Amino acid sequence: MIYPSNFEQKISFDSIRQLLKDNCISSLGKSRVDNIRFSDNFHLIDILQSQTEEFRQILLFDSPFPAQDYYDLREEWKRIEKEGSFIELEKLCEFRACLRTISLAMKYFLSRSENNKYPQLTALTQKLAFNNDIFFEIDQLVDEKGNIKDSASDLLFSIRRQIKTLEADISKNIRNILNQAKQSKVIDDNADITVRNGRLVIPIPAVNKRKIKGFTHDQSASGQTYFIEPQEIFESNNLLHNLQIEEQREIIQILTRFTDRLRPDLAGYLECFNYLSLLDFIRAKAKFAIEFDCCKPILVKSPTVNWRMARHPLLQMNLKRQGKEIVPLTIAMGEKHRILIISGPNAGGKSVCLKTLALLQYMFQCGLPVSASPISEFGIFKKLFINIGDEQSIDNDLSTYSSQLQNIKVLLANADKNSLFMFDELGGGTDPQYGGAIAETLIEKMAEKQAIGLITTHFGNLKTMAETNEGIENGAMIYDDKEMHPTFQLKIGQFGTSFTFEIAKQIGIDKQFLNRAKTKVGQSQIRYDHLIRKVEQQQADLEKQAKEMAHTDEELKGLIAKYNQLNNELKQKQYEILHKAKTEAKSLLDTSNKLIEKTVREIKESQADKNVVKQQREEIKKLAQEIDHIQLEEPAKPDKQQKKETIKLHDFVIMEDTQTVGEVIGIDNEDIFITFDSVQVKTTIDKVTKVSRNQAKKILKKSININNIISEKSMHFNLQLDIRGYRADEAIIEVEHYIDDALLLSTKEISILHGKGNGILRQVIREYLATHPCVKKFRDEHVEHGGTGITVVELI
């Protein structure tokens, strides 16, 4: 149950539909967008979310997906269901293009099915079946330029041969007449044959129009030139016209015969168009996900809300255009706290929180990716209720409060534990005392029904309900009363104040007027609000100090880690120097020892004193012992435990093997869990290095720029290059650039459509491919997909 009937308009889901349509290739996908429906089927939502996430991965990281020739032929199919009808030639060409796109899509998924890479998208192809012979049959009838071939029938071949012969005769005759007219100075020397009303004519000055007999088909705007068909070619032109009529009649017969053979299989091919529409739709959702940084969250079967870093996509888009950043929302409602009452100043973000909750939950249960952290938990609700905006109606004699009472009546009658309700300014629009009582009673009733809901209010009696009622929690939109502006941050566990007089003062309302107004409220209430704000400010200051202390602690840990690193490097350097010195000393000692032994021998030979020799040996031995006793202490290497202590949750780290920056979302002994680009990765703690937030931003900014370029190329890259009609040198340049793009996007297989013709272009391209260092091999396409008119290229 979705209430009220204009729920989508209230939460701006109609704008989300339009953004999705803008990403569609054709009307096929757009019709799917129109048919988006809310669902409470867990299995269906899981499939829809998985399909979009798989396509998002394709657009970001895989080879380009076929993204052209998504023609909507459903109306044409309805038309040719009738016997005697025939498919239009233009639609036949579009049909062939659609089949080619479907074939490429099926090949794309089947080539990756062995690794179970895209299971949900691959499953869609298994329900699809069409006869490959249809490719061959269409190619027998229609050439690559979309014209019926001469060989489509014997009669058409005969008619066109007659037309060509007759056209040559007519051209020759009128050319002779033109030359004669030039020689006789009837027309200018630069005059040439032209066409009017499908007939060949000669432009003749008005003064000479009677010098050439014939039929005048047209005249220039100035009246100075007449376009005359010479009478010598009347009969030939008439005969030509009749042959052209016969040609069209035969083409219709060819198309009729083909349609008669196609008609029994129309239903099967209609499924092919449905498949194309589904691919277009899923691709549009994936592009939307990339544009707004959406993802597939964690699915939970029970009705629960446990979101992190949630963002309203439309607000995010508008703020981005203004060069501003959105403040994300972290919110939790479930078994413990089922109802959240948000209070705070006007324009502080209360309604934005409510709309974000309504829009993202509705998007999720429609199978769309959501703009939140991938570790957010989204539950399943069977009923959604919302009350927001002004519902005054002259037609129904409804005031704003009457409309709210009508919505309360529906909510009381239908809400249960599987419901999510959202009320903006509950109890507003009437006497605060009575409106507050109605609102308080409604909240108590919803708590009894175990419904989950979010309420925004300024009423004091609602703010105190969390203290005396289980399952109810307060939330405050934080307001900076020093700078006098909202922060748009939701603080769970405390209620907010309205800052009525402070905002009025900032706007510029007279001070005496405000002082007089304060006396109406009473000093006790003013003091109460002041104390509340003081407590809030003190709490905010404490939190700020705690963050600063945590930041200082992080800096201190960083300095300690840096000190340890420098100390280890110093010890390593000391070790290397001492080791080198010891090695050199030993080398010197060995050299000296040899020299001394030589000297000793010489002394012996010269009858020297033995005591002197002994003393010299003792000194050498003592020097050697001193060198041996030099202690070389190898510096200790930092262990995993030390590294682990320096990394904690929500730190930014860089993975050493891929140089990818991510955020730490979990640590389990030696394992560490990292998220980047909505992808979660598990690795070991010794394979990552901690980086500061600023370093992470710089690295991410560089990688995002590169990824954006590659992503943009991948979205517009086609797996087939059409070079028909190009000259040889132009074709080589196009193919060279095409292969460069394919290599950039890691595409392993591409195809080049050069047509059959005389085979010259095919030969030139293949000679070039044979010399390209990145071409592994190439071959003709399968006969049913184009045969020798297409060269399939495998890249290294």
# chains A, B, ... in the order shown; residues from 1 in each chain; ligands from 1
>>> residues_around(residues="Ile58 of chain A", least_positions_apart="6", cutoff="12 Å", atoms="only C-alpha atoms", output="PDB file with N, CA, C and O atoms, in the first residue's frame")
ATOM      1  N   GLN A  51      21.017  -6.932 -11.059  1.00  0.00           N
ATOM      2  CA  GLN A  51      21.139  -6.631 -12.489  1.00  0.00           C
ATOM      3  C   GLN A  51      21.797  -5.274 -12.708  1.00  0.00           C
ATOM      4  O   GLN A  51      22.719  -5.132 -13.516  1.00  0.00           O
ATOM      5  N   THR A  52      21.321  -4.279 -11.960  1.00  0.00           N
ATOM      6  CA  THR A  52      21.872  -2.927 -12.114  1.00  0.00           C
ATOM      7  C   THR A  52      23.326  -2.860 -11.661  1.00  0.00           C
ATOM      8  O   THR A  52      24.164  -2.232 -12.316  1.00  0.00           O
ATOM      9  N   PRO A  64      33.555  -2.260 -23.601  1.00  0.00           N
ATOM     10  CA  PRO A  64      32.319  -1.548 -23.965  1.00  0.00           C
ATOM     11  C   PRO A  64      31.205  -2.515 -24.366  1.00  0.00           C
ATOM     12  O   PRO A  64      31.442  -3.506 -25.057  1.00  0.00           O
ATOM     13  N   PHE A  65      30.005  -2.193 -23.914  1.00  0.00           N
ATOM     14  CA  PHE A  65      28.832  -3.009 -24.215  1.00  0.00           C
ATOM     15  C   PHE A  65      28.125  -2.419 -25.430  1.00  0.00           C
ATOM     16  O   PHE A  65      28.099  -1.197 -25.601  1.00  0.00           O
ATOM     17  N   PRO A  66      27.550  -3.267 -26.327  1.00  0.00           N
ATOM     18  CA  PRO A  66      26.824  -2.741 -27.497  1.00  0.00           C
ATOM     19  C   PRO A  66      25.756  -1.736 -27.081  1.00  0.00           C
ATOM     20  O   PRO A  66      24.846  -2.065 -26.329  1.00  0.00           O
ATOM     21  N   TYR A 108      28.436 -11.281 -25.769  1.00  0.00           N
ATOM     22  CA  TYR A 108      29.139 -10.581 -24.691  1.00  0.00           C
ATOM     23  C   TYR A 108      28.979 -11.323 -23.368  1.00  0.00           C
ATOM     24  O   TYR A 108      29.957 -11.568 -22.650  1.00  0.00           O
ATOM     25  N   PHE A 109      27.736 -11.706 -23.049  1.00  0.00           N
ATOM     26  CA  PHE A 109      27.484 -12.357 -21.757  1.00  0.00           C
ATOM     27  C   PHE A 109      27.923 -13.820 -21.769  1.00  0.00           C
ATOM     28  O   PHE A 109      28.488 -14.309 -20.790  1.00  0.00           O
ATOM     29  N   ARG A 112      31.477 -14.566 -21.011  1.00  0.00           N
ATOM     30  CA  ARG A 112      31.881 -14.362 -19.625  1.00  0.00           C
ATOM     31  C   ARG A 112      31.154 -15.302 -18.664  1.00  0.00           C
ATOM     32  O   ARG A 112      31.362 -15.223 -17.453  1.00  0.00           O
ATOM     33  N   LYS A 117      30.557 -14.357 -14.290  1.00  0.00           N
ATOM     34  CA  LYS A 117      30.877 -12.960 -14.019  1.00  0.00           C
ATOM     35  C   LYS A 117      29.630 -12.107 -13.812  1.00  0.00           C
ATOM     36  O   LYS A 117      29.554 -11.305 -12.883  1.00  0.00           O
ATOM     37  N   TYR A 118      28.637 -12.259 -14.699  1.00  0.00           N
ATOM     38  CA  TYR A 118      27.406 -11.472 -14.598  1.00  0.00           C
ATOM     39  C   TYR A 118      26.208 -12.428 -14.614  1.00  0.00           C
ATOM     40  O   TYR A 118      25.496 -12.526 -15.617  1.00  0.00           O
ATOM     41  N   LEU A 121      22.501 -10.954 -15.466  1.00  0.00           N
ATOM     42  CA  LEU A 121      22.370 -10.481 -16.842  1.00  0.00           C
ATOM     43  C   LEU A 121      22.492 -11.631 -17.839  1.00  0.00           C
ATOM     44  O   LEU A 121      21.807 -11.659 -18.858  1.00  0.00           O
ATOM     45  N   ILE A 282      18.128  -1.331 -17.882  1.00  0.00           N
ATOM     46  CA  ILE A 282      19.140  -1.649 -16.858  1.00  0.00           C
ATOM     47  C   ILE A 282      20.374  -0.776 -17.053  1.00  0.00           C
ATOM     48  O   ILE A 282      20.970  -0.292 -16.086  1.00  0.00           O
ATOM     49  N   ARG A 283      20.753  -0.555 -18.313  1.00  0.00           N
ATOM     50  CA  ARG A 283      21.896   0.312 -18.605  1.00  0.00           C
ATOM     51  C   ARG A 283      21.633   1.740 -18.116  1.00  0.00           C
ATOM     52  O   ARG A 283      22.529   2.388 -17.562  1.00  0.00           O
ATOM     53  N   ALA A 286      22.123   1.834 -14.454  1.00  0.00           N
ATOM     54  CA  ALA A 286      23.547   1.765 -14.118  1.00  0.00           C
ATOM     55  C   ALA A 286      24.243   3.108 -14.346  1.00  0.00           C
ATOM     56  O   ALA A 286      25.083   3.528 -13.549  1.00  0.00           O
ATOM     57  N   LYS A 287      23.880   3.803 -15.432  1.00  0.00           N
ATOM     58  CA  LYS A 287      24.454   5.122 -15.689  1.00  0.00           C
ATOM     59  C   LYS A 287      24.019   6.113 -14.611  1.00  0.00           C
ATOM     60  O   LYS A 287      24.803   6.965 -14.181  1.00  0.00           O
ATOM     61  N   ILE A 290      26.142   5.509 -11.555  1.00  0.00           N
ATOM     62  CA  ILE A 290      27.493   6.075 -11.672  1.00  0.00           C
ATOM     63  C   ILE A 290      27.456   7.589 -11.483  1.00  0.00           C
ATOM     64  O   ILE A 290      28.286   8.167 -10.785  1.00  0.00           O
ATOM     65  N   SER A 711      35.682   5.831 -18.585  1.00  0.00           N
ATOM     66  CA  SER A 711      34.249   5.541 -18.506  1.00  0.00           C
ATOM     67  C   SER A 711      33.494   6.192 -19.648  1.00  0.00           C
ATOM     68  O   SER A 711      32.609   5.591 -20.257  1.00  0.00           O
ATOM     69  N   SER A 714      34.193   4.282 -22.737  1.00  0.00           N
ATOM     70  CA  SER A 714      33.546   2.976 -22.734  1.00  0.00           C
ATOM     71  C   SER A 714      32.063   3.076 -23.046  1.00  0.00           C
ATOM     72  O   SER A 714      31.488   2.193 -23.669  1.00  0.00           O
ATOM     73  N   MET A 715      31.420   4.181 -22.605  1.00  0.00           N
ATOM     74  CA  MET A 715      29.991   4.341 -22.834  1.00  0.00           C
ATOM     75  C   MET A 715      29.678   4.555 -24.325  1.00  0.00           C
ATOM     76  O   MET A 715      28.588   4.229 -24.789  1.00  0.00           O
ATOM     77  N   LEU A 745      40.654   0.355 -23.507  1.00  0.00           N
ATOM     78  CA  LEU A 745      39.517  -0.178 -22.762  1.00  0.00           C
ATOM     79  C   LEU A 745      39.631  -1.678 -22.513  1.00  0.00           C
ATOM     80  O   LEU A 745      38.663  -2.315 -22.094  1.00  0.00           O
ATOM     81  N   THR A 747      39.695  -4.173 -24.511  1.00  0.00           N
ATOM     82  CA  THR A 747      38.793  -4.974 -25.330  1.00  0.00           C
ATOM     83  C   THR A 747      39.611  -6.004 -26.107  1.00  0.00           C
ATOM     84  O   THR A 747      40.574  -5.643 -26.787  1.00  0.00           O
TER      85      THR A 747
END
>>> residues_around(residues="Asp424 of chain A", least_positions_apart="6", cutoff="8 Å", atoms="only C-alpha atoms", output="list of chain:residue names")
A:Ser351, A:Leu354, A:Asn387, A:Ile388, A:Gly389, A:Ile455, A:Thr456, A:Thr457
>>> select_by_dssp(residues="segment 187-269 of chain A", states="strand (DSSP E or B)", output="mmCIF file with N, CA and C atoms, in the first residue's frame")
data_model
loop_
_atom_site.group_PDB
_atom_site.id
_atom_site.type_symbol
_atom_site.label_atom_id
_atom_site.label_comp_id
_atom_site.auth_asym_id
_atom_site.auth_seq_id
_atom_site.Cartn_x
_atom_site.Cartn_y
_atom_site.Cartn_z
ATOM 1 N N THR A 194 19.866 19.209 -65.372
ATOM 2 C CA THR A 194 19.378 19.136 -63.997
ATOM 3 C C THR A 194 18.085 18.327 -63.966
ATOM 4 N N VAL A 195 17.444 18.228 -62.795
ATOM 5 C CA VAL A 195 16.249 17.388 -62.645
ATOM 6 C C VAL A 195 15.125 18.232 -62.064
ATOM 7 N N ARG A 196 13.943 18.096 -62.649
ATOM 8 C CA ARG A 196 12.727 18.705 -62.135
ATOM 9 C C ARG A 196 11.590 17.686 -62.250
ATOM 10 N N ARG A 199 12.359 14.353 -63.754
ATOM 11 C CA ARG A 199 12.684 14.251 -65.187
ATOM 12 C C ARG A 199 13.936 15.074 -65.472
ATOM 13 N N LEU A 200 14.748 14.597 -66.432
ATOM 14 C CA LEU A 200 15.933 15.328 -66.847
ATOM 15 C C LEU A 200 15.517 16.526 -67.704
ATOM 16 N N VAL A 201 16.045 17.717 -67.366
ATOM 17 C CA VAL A 201 15.677 18.935 -68.081
ATOM 18 C C VAL A 201 16.922 19.768 -68.358
ATOM 19 N N ILE A 202 16.754 20.762 -69.268
ATOM 20 C CA ILE A 202 17.850 21.671 -69.623
ATOM 21 C C ILE A 202 17.442 23.090 -69.230
ATOM 22 N N PRO A 203 18.302 23.828 -68.515
ATOM 23 C CA PRO A 203 17.993 25.224 -68.167
ATOM 24 C C PRO A 203 18.210 26.140 -69.373
ATOM 25 N N ILE A 204 17.163 26.843 -69.794
ATOM 26 C CA ILE A 204 17.215 27.673 -71.009
ATOM 27 C C ILE A 204 16.783 29.094 -70.661
ATOM 28 N N PRO A 205 17.525 30.110 -71.103
ATOM 29 C CA PRO A 205 17.104 31.492 -70.871
ATOM 30 C C PRO A 205 15.707 31.750 -71.448
ATOM 31 N N GLY A 214 9.792 21.225 -76.370
ATOM 32 C CA GLY A 214 9.700 20.316 -75.234
ATOM 33 C C GLY A 214 8.677 20.807 -74.221
ATOM 34 N N PHE A 215 8.696 20.135 -73.066
ATOM 35 C CA PHE A 215 7.720 20.442 -71.996
ATOM 36 C C PHE A 215 8.435 21.213 -70.897
ATOM 37 N N THR A 216 7.820 22.369 -70.508
ATOM 38 C CA THR A 216 8.398 23.186 -69.445
ATOM 39 C C THR A 216 7.925 22.651 -68.089
ATOM 40 N N HIS A 217 8.898 22.212 -67.252
ATOM 41 C CA HIS A 217 8.570 21.665 -65.930
ATOM 42 C C HIS A 217 8.640 22.712 -64.824
ATOM 43 N N ASP A 218 9.461 23.768 -65.010
ATOM 44 C CA ASP A 218 9.643 24.733 -63.922
ATOM 45 C C ASP A 218 10.319 25.976 -64.483
ATOM 46 N N GLN A 219 10.317 27.036 -63.718
ATOM 47 C CA GLN A 219 11.066 28.239 -64.062
ATOM 48 C C GLN A 219 11.694 28.804 -62.796
ATOM 49 N N THR A 225 14.892 31.970 -66.303
ATOM 50 C CA THR A 225 15.335 30.646 -66.772
ATOM 51 C C THR A 225 14.160 29.674 -66.742
ATOM 52 N N TYR A 226 14.049 28.882 -67.822
ATOM 53 C CA TYR A 226 13.018 27.856 -67.910
ATOM 54 C C TYR A 226 13.703 26.494 -67.949
ATOM 55 N N PHE A 227 13.073 25.509 -67.312
ATOM 56 C CA PHE A 227 13.627 24.149 -67.264
ATOM 57 C C PHE A 227 12.767 23.268 -68.163
ATOM 58 N N ILE A 228 13.343 22.908 -69.294
ATOM 59 C CA ILE A 228 12.571 22.254 -70.367
ATOM 60 C C ILE A 228 13.066 20.837 -70.605
ATOM 61 N N GLU A 229 12.123 19.929 -70.725
ATOM 62 C CA GLU A 229 12.417 18.540 -71.104
ATOM 63 C C GLU A 229 12.255 18.438 -72.620
ATOM 64 N N PRO A 230 13.349 18.157 -73.362
ATOM 65 C CA PRO A 230 13.255 18.090 -74.827
ATOM 66 C C PRO A 230 12.268 17.006 -75.276
#
>>> atom_distance(atom1="atom CA of Ile331 of chain A", atom2="atom CA of Glu54 of chain A")
27.3 Å
>>> closest_residue(among="A:Gly493, A:Arg724, A:Ile380, A:Glu335", to="Gly367 of chain A", atoms="only C-alpha atoms")
A:Ile380
>>> residues_around(residues="Asn407 of chain A", least_positions_apart="4", cutoff="9 Å", atoms="only C-alpha atoms", output="VMD selection string")
chain A and resid 3 to 4 385 to 387 402 to 403 411 to 412
>>> residues_around(residues="segment 762-770 of chain A", least_positions_apart="5", cutoff="10 Å", atoms="only C-alpha atoms", output="list in words")
Ala728, Asp729, Ala731, Ile732, Val735, Glu736, Ile739, Ile752, Leu753, His754, Gly755, Lys756, Gly757, Val775, Lys776, Lys777, Phe778, Arg779, Thr788, Gly789, Ile790, Thr791 and Val793 of chain A
>>> closest_residue(among="A:Phe258, A:Tyr275, A:Trp77, A:Phe652", to="Val142 of chain A", atoms="only C-alpha atoms")
A:Phe258
>>> select_by_dssp(residues="segment 731-794 of chain A", states="alpha helix (DSSP H)", output="PDB file with N, CA, C and O atoms, in the first residue's frame")
ATOM      1  N   ALA A 731      40.423   5.010 -44.175  1.00  0.00           N
ATOM      2  CA  ALA A 731      40.046   3.807 -43.436  1.00  0.00           C
ATOM      3  C   ALA A 731      41.169   3.354 -42.508  1.00  0.00           C
ATOM      4  O   ALA A 731      40.927   2.962 -41.355  1.00  0.00           O
ATOM      5  N   ILE A 732      42.418   3.432 -42.977  1.00  0.00           N
ATOM      6  CA  ILE A 732      43.562   3.027 -42.155  1.00  0.00           C
ATOM      7  C   ILE A 732      43.651   3.889 -40.897  1.00  0.00           C
ATOM      8  O   ILE A 732      43.856   3.397 -39.773  1.00  0.00           O
ATOM      9  N   ILE A 733      43.458   5.206 -41.059  1.00  0.00           N
ATOM     10  CA  ILE A 733      43.518   6.129 -39.913  1.00  0.00           C
ATOM     11  C   ILE A 733      42.414   5.794 -38.915  1.00  0.00           C
ATOM     12  O   ILE A 733      42.640   5.750 -37.697  1.00  0.00           O
ATOM     13  N   GLU A 734      41.176   5.551 -39.419  1.00  0.00           N
ATOM     14  CA  GLU A 734      40.056   5.223 -38.544  1.00  0.00           C
ATOM     15  C   GLU A 734      40.316   3.930 -37.771  1.00  0.00           C
ATOM     16  O   GLU A 734      40.071   3.841 -36.566  1.00  0.00           O
ATOM     17  N   VAL A 735      40.825   2.927 -38.463  1.00  0.00           N
ATOM     18  CA  VAL A 735      41.096   1.629 -37.831  1.00  0.00           C
ATOM     19  C   VAL A 735      42.201   1.773 -36.783  1.00  0.00           C
ATOM     20  O   VAL A 735      42.126   1.192 -35.697  1.00  0.00           O
ATOM     21  N   GLU A 736      43.224   2.574 -37.093  1.00  0.00           N
ATOM     22  CA  GLU A 736      44.322   2.785 -36.143  1.00  0.00           C
ATOM     23  C   GLU A 736      43.800   3.402 -34.843  1.00  0.00           C
ATOM     24  O   GLU A 736      44.114   2.941 -33.748  1.00  0.00           O
ATOM     25  N   HIS A 737      42.973   4.454 -34.960  1.00  0.00           N
ATOM     26  CA  HIS A 737      42.400   5.096 -33.768  1.00  0.00           C
ATOM     27  C   HIS A 737      41.462   4.148 -33.029  1.00  0.00           C
ATOM     28  O   HIS A 737      41.427   4.140 -31.787  1.00  0.00           O
ATOM     29  N   TYR A 738      40.712   3.368 -33.792  1.00  0.00           N
ATOM     30  CA  TYR A 738      39.757   2.423 -33.200  1.00  0.00           C
ATOM     31  C   TYR A 738      40.487   1.367 -32.368  1.00  0.00           C
ATOM     32  O   TYR A 738      40.077   1.037 -31.254  1.00  0.00           O
ATOM     33  N   ILE A 739      41.587   0.837 -32.897  1.00  0.00           N
ATOM     34  CA  ILE A 739      42.367  -0.169 -32.166  1.00  0.00           C
ATOM     35  C   ILE A 739      42.995   0.444 -30.924  1.00  0.00           C
ATOM     36  O   ILE A 739      43.034  -0.185 -29.852  1.00  0.00           O
ATOM     37  N   ASP A 740      43.460   1.697 -31.006  1.00  0.00           N
ATOM     38  CA  ASP A 740      44.020   2.381 -29.832  1.00  0.00           C
ATOM     39  C   ASP A 740      42.987   2.468 -28.716  1.00  0.00           C
ATOM     40  O   ASP A 740      43.282   2.195 -27.541  1.00  0.00           O
ATOM     41  N   ASP A 741      41.742   2.855 -29.072  1.00  0.00           N
ATOM     42  CA  ASP A 741      40.674   2.952 -28.068  1.00  0.00           C
ATOM     43  C   ASP A 741      40.354   1.580 -27.486  1.00  0.00           C
ATOM     44  O   ASP A 741      40.124   1.442 -26.284  1.00  0.00           O
ATOM     45  N   ALA A 742      40.328   0.563 -28.326  1.00  0.00           N
ATOM     46  CA  ALA A 742      40.028  -0.792 -27.864  1.00  0.00           C
ATOM     47  C   ALA A 742      41.086  -1.279 -26.879  1.00  0.00           C
ATOM     48  O   ALA A 742      40.768  -1.887 -25.849  1.00  0.00           O
ATOM     49  N   LEU A 743      42.351  -0.996 -27.169  1.00  0.00           N
ATOM     50  CA  LEU A 743      43.435  -1.388 -26.262  1.00  0.00           C
ATOM     51  C   LEU A 743      43.340  -0.632 -24.941  1.00  0.00           C
ATOM     52  O   LEU A 743      43.562  -1.200 -23.870  1.00  0.00           O
ATOM     53  N   LEU A 744      42.978   0.656 -24.998  1.00  0.00           N
ATOM     54  CA  LEU A 744      42.815   1.448 -23.778  1.00  0.00           C
ATOM     55  C   LEU A 744      41.736   0.869 -22.886  1.00  0.00           C
ATOM     56  O   LEU A 744      41.849   0.862 -21.660  1.00  0.00           O
ATOM     57  N   ILE A 760      38.589  -4.528 -52.248  1.00  0.00           N
ATOM     58  CA  ILE A 760      39.820  -3.724 -52.157  1.00  0.00           C
ATOM     59  C   ILE A 760      40.017  -3.219 -50.732  1.00  0.00           C
ATOM     60  O   ILE A 760      41.100  -3.314 -50.159  1.00  0.00           O
ATOM     61  N   LEU A 761      38.942  -2.650 -50.149  1.00  0.00           N
ATOM     62  CA  LEU A 761      39.033  -2.118 -48.787  1.00  0.00           C
ATOM     63  C   LEU A 761      39.375  -3.229 -47.803  1.00  0.00           C
ATOM     64  O   LEU A 761      40.166  -3.041 -46.884  1.00  0.00           O
ATOM     65  N   ARG A 762      38.768  -4.417 -47.995  1.00  0.00           N
ATOM     66  CA  ARG A 762      39.061  -5.563 -47.131  1.00  0.00           C
ATOM     67  C   ARG A 762      40.536  -5.940 -47.211  1.00  0.00           C
ATOM     68  O   ARG A 762      41.193  -6.193 -46.191  1.00  0.00           O
ATOM     69  N   GLN A 763      41.088  -5.925 -48.423  1.00  0.00           N
ATOM     70  CA  GLN A 763      42.499  -6.294 -48.603  1.00  0.00           C
ATOM     71  C   GLN A 763      43.425  -5.284 -47.925  1.00  0.00           C
ATOM     72  O   GLN A 763      44.377  -5.661 -47.230  1.00  0.00           O
ATOM     73  N   VAL A 764      43.125  -3.984 -48.095  1.00  0.00           N
ATOM     74  CA  VAL A 764      43.966  -2.939 -47.501  1.00  0.00           C
ATOM     75  C   VAL A 764      43.966  -3.041 -45.974  1.00  0.00           C
ATOM     76  O   VAL A 764      45.015  -2.955 -45.322  1.00  0.00           O
ATOM     77  N   ILE A 765      42.775  -3.234 -45.410  1.00  0.00           N
ATOM     78  CA  ILE A 765      42.658  -3.318 -43.952  1.00  0.00           C
ATOM     79  C   ILE A 765      43.412  -4.524 -43.429  1.00  0.00           C
ATOM     80  O   ILE A 765      44.112  -4.466 -42.411  1.00  0.00           O
ATOM     81  N   ARG A 766      43.268  -5.643 -44.099  1.00  0.00           N
ATOM     82  CA  ARG A 766      43.936  -6.869 -43.630  1.00  0.00           C
ATOM     83  C   ARG A 766      45.463  -6.767 -43.752  1.00  0.00           C
ATOM     84  O   ARG A 766      46.188  -7.315 -42.916  1.00  0.00           O
ATOM     85  N   GLU A 767      45.933  -6.087 -44.776  1.00  0.00           N
ATOM     86  CA  GLU A 767      47.380  -5.873 -44.891  1.00  0.00           C
ATOM     87  C   GLU A 767      47.885  -5.027 -43.714  1.00  0.00           C
ATOM     88  O   GLU A 767      48.961  -5.269 -43.162  1.00  0.00           O
ATOM     89  N   TYR A 768      47.086  -4.030 -43.329  1.00  0.00           N
ATOM     90  CA  TYR A 768      47.464  -3.189 -42.180  1.00  0.00           C
ATOM     91  C   TYR A 768      47.434  -3.996 -40.882  1.00  0.00           C
ATOM     92  O   TYR A 768      48.353  -3.907 -40.059  1.00  0.00           O
ATOM     93  N   LEU A 769      46.362  -4.812 -40.704  1.00  0.00           N
ATOM     94  CA  LEU A 769      46.232  -5.611 -39.480  1.00  0.00           C
ATOM     95  C   LEU A 769      47.386  -6.590 -39.330  1.00  0.00           C
ATOM     96  O   LEU A 769      47.841  -6.877 -38.220  1.00  0.00           O
ATOM     97  N   ALA A 770      47.859  -7.114 -40.454  1.00  0.00           N
ATOM     98  CA  ALA A 770      48.942  -8.101 -40.423  1.00  0.00           C
ATOM     99  C   ALA A 770      50.244  -7.505 -39.887  1.00  0.00           C
ATOM    100  O   ALA A 770      51.100  -8.228 -39.371  1.00  0.00           O
ATOM    101  N   THR A 771      50.382  -6.166 -39.980  1.00  0.00           N
ATOM    102  CA  THR A 771      51.614  -5.520 -39.518  1.00  0.00           C
ATOM    103  C   THR A 771      51.459  -4.882 -38.144  1.00  0.00           C
ATOM    104  O   THR A 771      52.433  -4.378 -37.600  1.00  0.00           O
TER     105      THR A 771
END
>>> closest_residue(among="A:Lys690, A:Arg17, A:Arg160, A:Lys417", to="Pro303 of chain A", atoms="only C-alpha atoms")
A:Lys417
>>> atom_distance(atom1="atom CA of Asp150 of chain A", atom2="atom CA of Gly759 of chain A")
19.0 Å
>>> residues_around(residues="Phe459 of chain A", least_positions_apart="6", cutoff="12 Å", atoms="only C-alpha atoms", output="number ranges by chain")
A: 341-345, 425-428, 431-440, 465, 495-498
>>> residues_around(residues="Leu278 of chain A", least_positions_apart="6", cutoff="8 Å", atoms="only C-alpha atoms", output="tab-separated table (two decimals) with all heavy atoms, in the first residue's frame")
chain	number	residue	atom	x	y	z
A	28	LEU	N	12.30	2.15	-26.24
A	28	LEU	CA	12.15	0.84	-25.60
A	28	LEU	C	12.45	0.94	-24.11
A	28	LEU	O	11.66	0.49	-23.26
A	28	LEU	CB	13.11	-0.17	-26.24
A	28	LEU	CG	12.78	-0.66	-27.66
A	28	LEU	CD1	13.98	-1.40	-28.24
A	28	LEU	CD2	11.57	-1.57	-27.64
A	29	GLY	N	13.60	1.53	-23.79
A	29	GLY	CA	13.97	1.69	-22.38
A	29	GLY	C	13.07	2.66	-21.66
A	29	GLY	O	12.72	2.46	-20.49
A	32	ARG	N	10.02	1.17	-20.29
A	32	ARG	CA	10.30	0.42	-19.06
A	32	ARG	C	10.34	1.36	-17.86
A	32	ARG	O	9.88	1.00	-16.77
A	32	ARG	CB	11.63	-0.31	-19.18
A	32	ARG	CG	11.62	-1.48	-20.15
A	32	ARG	CD	11.25	-2.74	-19.44
A	32	ARG	NE	11.30	-3.90	-20.34
A	32	ARG	CZ	11.06	-5.14	-19.96
A	32	ARG	NH1	10.77	-5.40	-18.68
A	32	ARG	NH2	11.11	-6.13	-20.82
>>> atom_distance(atom1="atom CA of Ile187 of chain A", atom2="atom CA of Arg175 of chain A")
13.1 Å
>>> residues_around(residues="segment 304-317 of chain A", least_positions_apart="3", cutoff="8 Å", atoms="only C-alpha atoms", output="MDAnalysis selection string")
chainID A and resid 16 292 300 320:321 325:335 352 355:356 359:360 371:373 375:380 452
